[in-house]
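start04.pdb, holding PDB, C-alpha atoms, pLDDT in the B column:
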```pdb
MODEL        1
ATOM      1  CA  MET R   1       0.000   0.000   0.000  1.00 76.00           C
ATOM      2  CA  ASP R   2       1.297   3.424  -0.914  1.00 77.00           C
ATOM      3  CA  PHE R   3       1.668   5.668   2.149  1.00 76.00           C
ATOM      4  CA  LEU R   4      -0.077   8.626   0.480  1.00 77.00           C
ATOM      5  CA  ARG R   5      -3.052   6.427  -0.448  1.00 78.00           C
ATOM      6  CA  LEU R   6      -3.331   5.334   3.174  1.00 76.00           C
ATOM      7  CA  ILE R   7      -3.344   8.983   4.285  1.00 73.00           C
ATOM      8  CA  LYS R   8      -6.054   9.733   1.732  1.00 75.00           C
ATOM      9  CA  TYR R   9      -8.085   6.800   3.071  1.00 75.00           C
ATOM     10  CA  LEU R  10      -7.751   8.024   6.646  1.00 74.00           C
ATOM     11  CA  LYS R  11      -8.989  11.497   5.658  1.00 72.00           C
ATOM     12  CA  GLN R  12     -11.988  10.346   3.592  1.00 69.00           C
ATOM     13  CA  ASN R  13     -15.552  10.411   4.784  1.00 62.00           C
ATOM     14  CA  SER R  14     -17.018   8.626   1.800  1.00 63.00           C
ATOM     15  CA  VAL R  15     -16.588   5.270   0.107  1.00 69.00           C
ATOM     16  CA  THR R  16     -14.497   5.462  -3.077  1.00 72.00           C
ATOM     17  CA  PRO R  17     -12.439   2.889  -4.996  1.00 76.00           C
ATOM     18  CA  ASP R  18      -9.328   4.065  -3.100  1.00 74.00           C
ATOM     19  CA  TYR R  19     -11.219   3.734   0.172  1.00 78.00           C
ATOM     20  CA  GLU R  20     -12.226   0.158  -0.619  1.00 80.00           C
ATOM     21  CA  GLU R  21      -8.689  -0.768  -1.664  1.00 83.00           C
ATOM     22  CA  ALA R  22      -7.177   0.693   1.501  1.00 83.00           C
ATOM     23  CA  ARG R  23      -9.832  -0.940   3.674  1.00 82.00           C
ATOM     24  CA  LYS R  24      -9.133  -4.341   2.123  1.00 86.00           C
ATOM     25  CA  TRP R  25      -5.399  -3.857   2.545  1.00 87.00           C
ATOM     26  CA  LEU R  26      -5.773  -2.871   6.206  1.00 85.00           C
ATOM     27  CA  THR R  27      -7.936  -5.911   6.965  1.00 86.00           C
ATOM     28  CA  ASP R  28      -5.550  -8.413   5.379  1.00 90.00           C
ATOM     29  CA  PRO R  29      -3.671 -10.125   8.244  1.00 90.00           C
ATOM     30  CA  GLU R  30      -0.583 -10.413   6.042  1.00 93.00           C
ATOM     31  CA  ASN R  31      -0.283  -6.604   6.065  1.00 91.00           C
ATOM     32  CA  GLU R  32      -0.654  -6.134   9.815  1.00 90.00           C
ATOM     33  CA  ARG R  33       3.003  -5.370  10.586  1.00 90.00           C
ATOM     34  CA  GLN R  34       3.343  -2.881   7.740  1.00 90.00           C
ATOM     35  CA  ALA R  35      -0.024  -1.302   8.615  1.00 87.00           C
ATOM     36  CA  ARG R  36       1.092  -0.813  12.220  1.00 87.00           C
ATOM     37  CA  GLU R  37       4.326   0.807  11.058  1.00 88.00           C
ATOM     38  CA  MET R  38       2.507   3.120   8.652  1.00 85.00           C
ATOM     39  CA  LEU R  39      -0.126   4.119  11.219  1.00 82.00           C
ATOM     40  CA  GLY R  40       2.656   4.769  13.728  1.00 83.00           C
ATOM     41  CA  THR R  41       4.315   7.055  11.199  1.00 82.00           C
ATOM     42  CA  VAL R  42       1.035   8.911  10.695  1.00 77.00           C
ATOM     43  CA  TRP R  43       0.850   9.526  14.461  1.00 73.00           C
ATOM     44  CA  ALA R  44       4.484  10.616  14.656  1.00 74.00           C
ATOM     45  CA  GLU R  45       4.390  12.912  11.636  1.00 72.00           C
ATOM     46  CA  ASN R  46       1.264  14.653  12.846  1.00 69.00           C
ATOM     47  CA  ARG R  47       2.897  15.270  16.224  1.00 57.00           C
ATOM     48  CA  ILE R  48      -0.141  14.098  18.074  1.00 53.00           C
ATOM     49  CA  SER R  49       0.289  14.593  21.793  1.00 56.00           C
ATOM     50  CA  PHE R  50      -0.949  11.935  24.143  1.00 56.00           C
ATOM     51  CA  LYS R  51      -2.620  13.105  27.332  1.00 62.00           C
ATOM     52  CA  LYS R  52      -2.581   9.651  28.876  1.00 65.00           C
ATOM     53  CA  GLY R  53       0.779   8.311  27.704  1.00 69.00           C
ATOM     54  CA  ILE R  54       1.546   6.022  24.795  1.00 71.00           C
ATOM     55  CA  PRO R  55      -1.597   4.726  23.058  1.00 71.00           C
ATOM     56  CA  ASP R  56      -2.528   1.052  22.966  1.00 78.00           C
ATOM     57  CA  TYR R  57      -2.043   0.376  19.247  1.00 80.00           C
ATOM     58  CA  ASP R  58      -3.447  -3.142  19.549  1.00 85.00           C
ATOM     59  CA  LYS R  59      -6.662  -1.724  20.977  1.00 85.00           C
ATOM     60  CA  MET R  60      -6.795   0.950  18.266  1.00 84.00           C
ATOM     61  CA  LEU R  61      -6.298  -1.614  15.509  1.00 87.00           C
ATOM     62  CA  GLY R  62      -8.981  -3.773  17.103  1.00 87.00           C
ATOM     63  CA  ARG R  63     -11.398  -0.839  16.984  1.00 87.00           C
ATOM     64  CA  ILE R  64     -10.571  -0.227  13.322  1.00 89.00           C
ATOM     65  CA  HIS R  65     -11.225  -3.889  12.525  1.00 89.00           C
ATOM     66  CA  HIS R  66     -14.485  -3.721  14.485  1.00 88.00           C
ATOM     67  CA  GLN R  67     -15.671  -0.734  12.441  1.00 87.00           C
ATOM     68  CA  ILE R  68     -14.691  -2.465   9.214  1.00 89.00           C
ATOM     69  CA  ASN R  69     -16.642  -5.576  10.243  1.00 87.00           C
ATOM     70  CA  ILE R  70     -19.706  -3.442  11.019  1.00 87.00           C
ATOM     71  CA  HIS R  71     -19.356  -1.868   7.573  1.00 85.00           C
ATOM     72  CA  ARG R  72     -19.162  -5.331   5.982  1.00 86.00           C
ATOM     73  CA  GLN R  73     -22.249  -6.527   7.837  1.00 87.00           C
ATOM     74  CA  ASN R  74     -24.239  -3.450   6.871  1.00 86.00           C
ATOM     75  CA  LYS R  75     -23.170  -3.822   3.259  1.00 83.00           C
ATOM     76  CA  ALA R  76     -24.126  -7.525   3.253  1.00 85.00           C
ATOM     77  CA  ASN R  77     -27.570  -6.730   4.667  1.00 83.00           C
ATOM     78  CA  LEU R  78     -28.407  -4.329   1.836  1.00 74.00           C
TER
ENDMDL
END
```
Write-out of the structure in structure tokens:
Amino acid sequence: MDFLRLIKYLKQNSVTPDYEEARKWLTDPENERQAREMLGTVWAENRISFKKGIPDYDKMLGRIHHQINIHRQNKANL
């Protein structure tokens, strides 16, 4: 996955072909390590300050996967 495409995905509020491609890439277990590295870079480059210390990236990734699964279920029910 191209880093700039991932950034574009993270900023989007609508479903586009790029959004779907990034979503599929993020949900592929084979890409987990690279996804974690890229998301960590996004945090670092945006100089996000943490009020409560270092974030729990596993928990964050779990929440992302949860939202993706909800999206899949909603799409399947249409």
Self-check item: Contacts of segment 26-28 of chain R within 9 Å, all atoms listed in the file, excl. fewer than 3 positions in-chain, as a PyMOL selection string
Solution: chain R and resi 1+21-23+31-32+35+64-65+68
Quiz prompt | Nearest to Trp43 of chain R, chosen from R:Tyr9, R:His66, R:Asn74, R:Pro55, with only C-alpha atoms counted in the distances | solution = R:Pro55
Quiz item: So what do you get for atom CA of Gly40 of chain R versus atom CA of Tyr57 of chain R, distance-wise?
Solution: 8.5 Å
Quiz item: When you draw a straight line from atom CA of Trp25 of chain R to atom CA of Leu6 of chain R, how long is it in Å?
Solution: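 Between these atoms lies a distance of 9.4 Å.
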Quiz prompt | Atom-to-atom span, atom CA of Leu78 of chain R and atom CA of Met60 of chain R, Å | solution =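 One can read the atom CA of Leu78 of chain R to atom CA of Met60 of chain R distance as 27.7 Å.
Take the candidates R:Arg36, R:Lys75, R:Gln67, R:Val42 and check each one against Lys11 of chain R using only C-alpha atoms; the shortest distance goes to R:Val42.
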Exercise. Rank nothing, just name the residue among R:Asp18, R:Phe3, R:Lys8, R:His71 nearest to Glu37 of chain R, using only C-alpha atoms.
Key: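 So, comparing all the options, the nearest one is R:Phe3.
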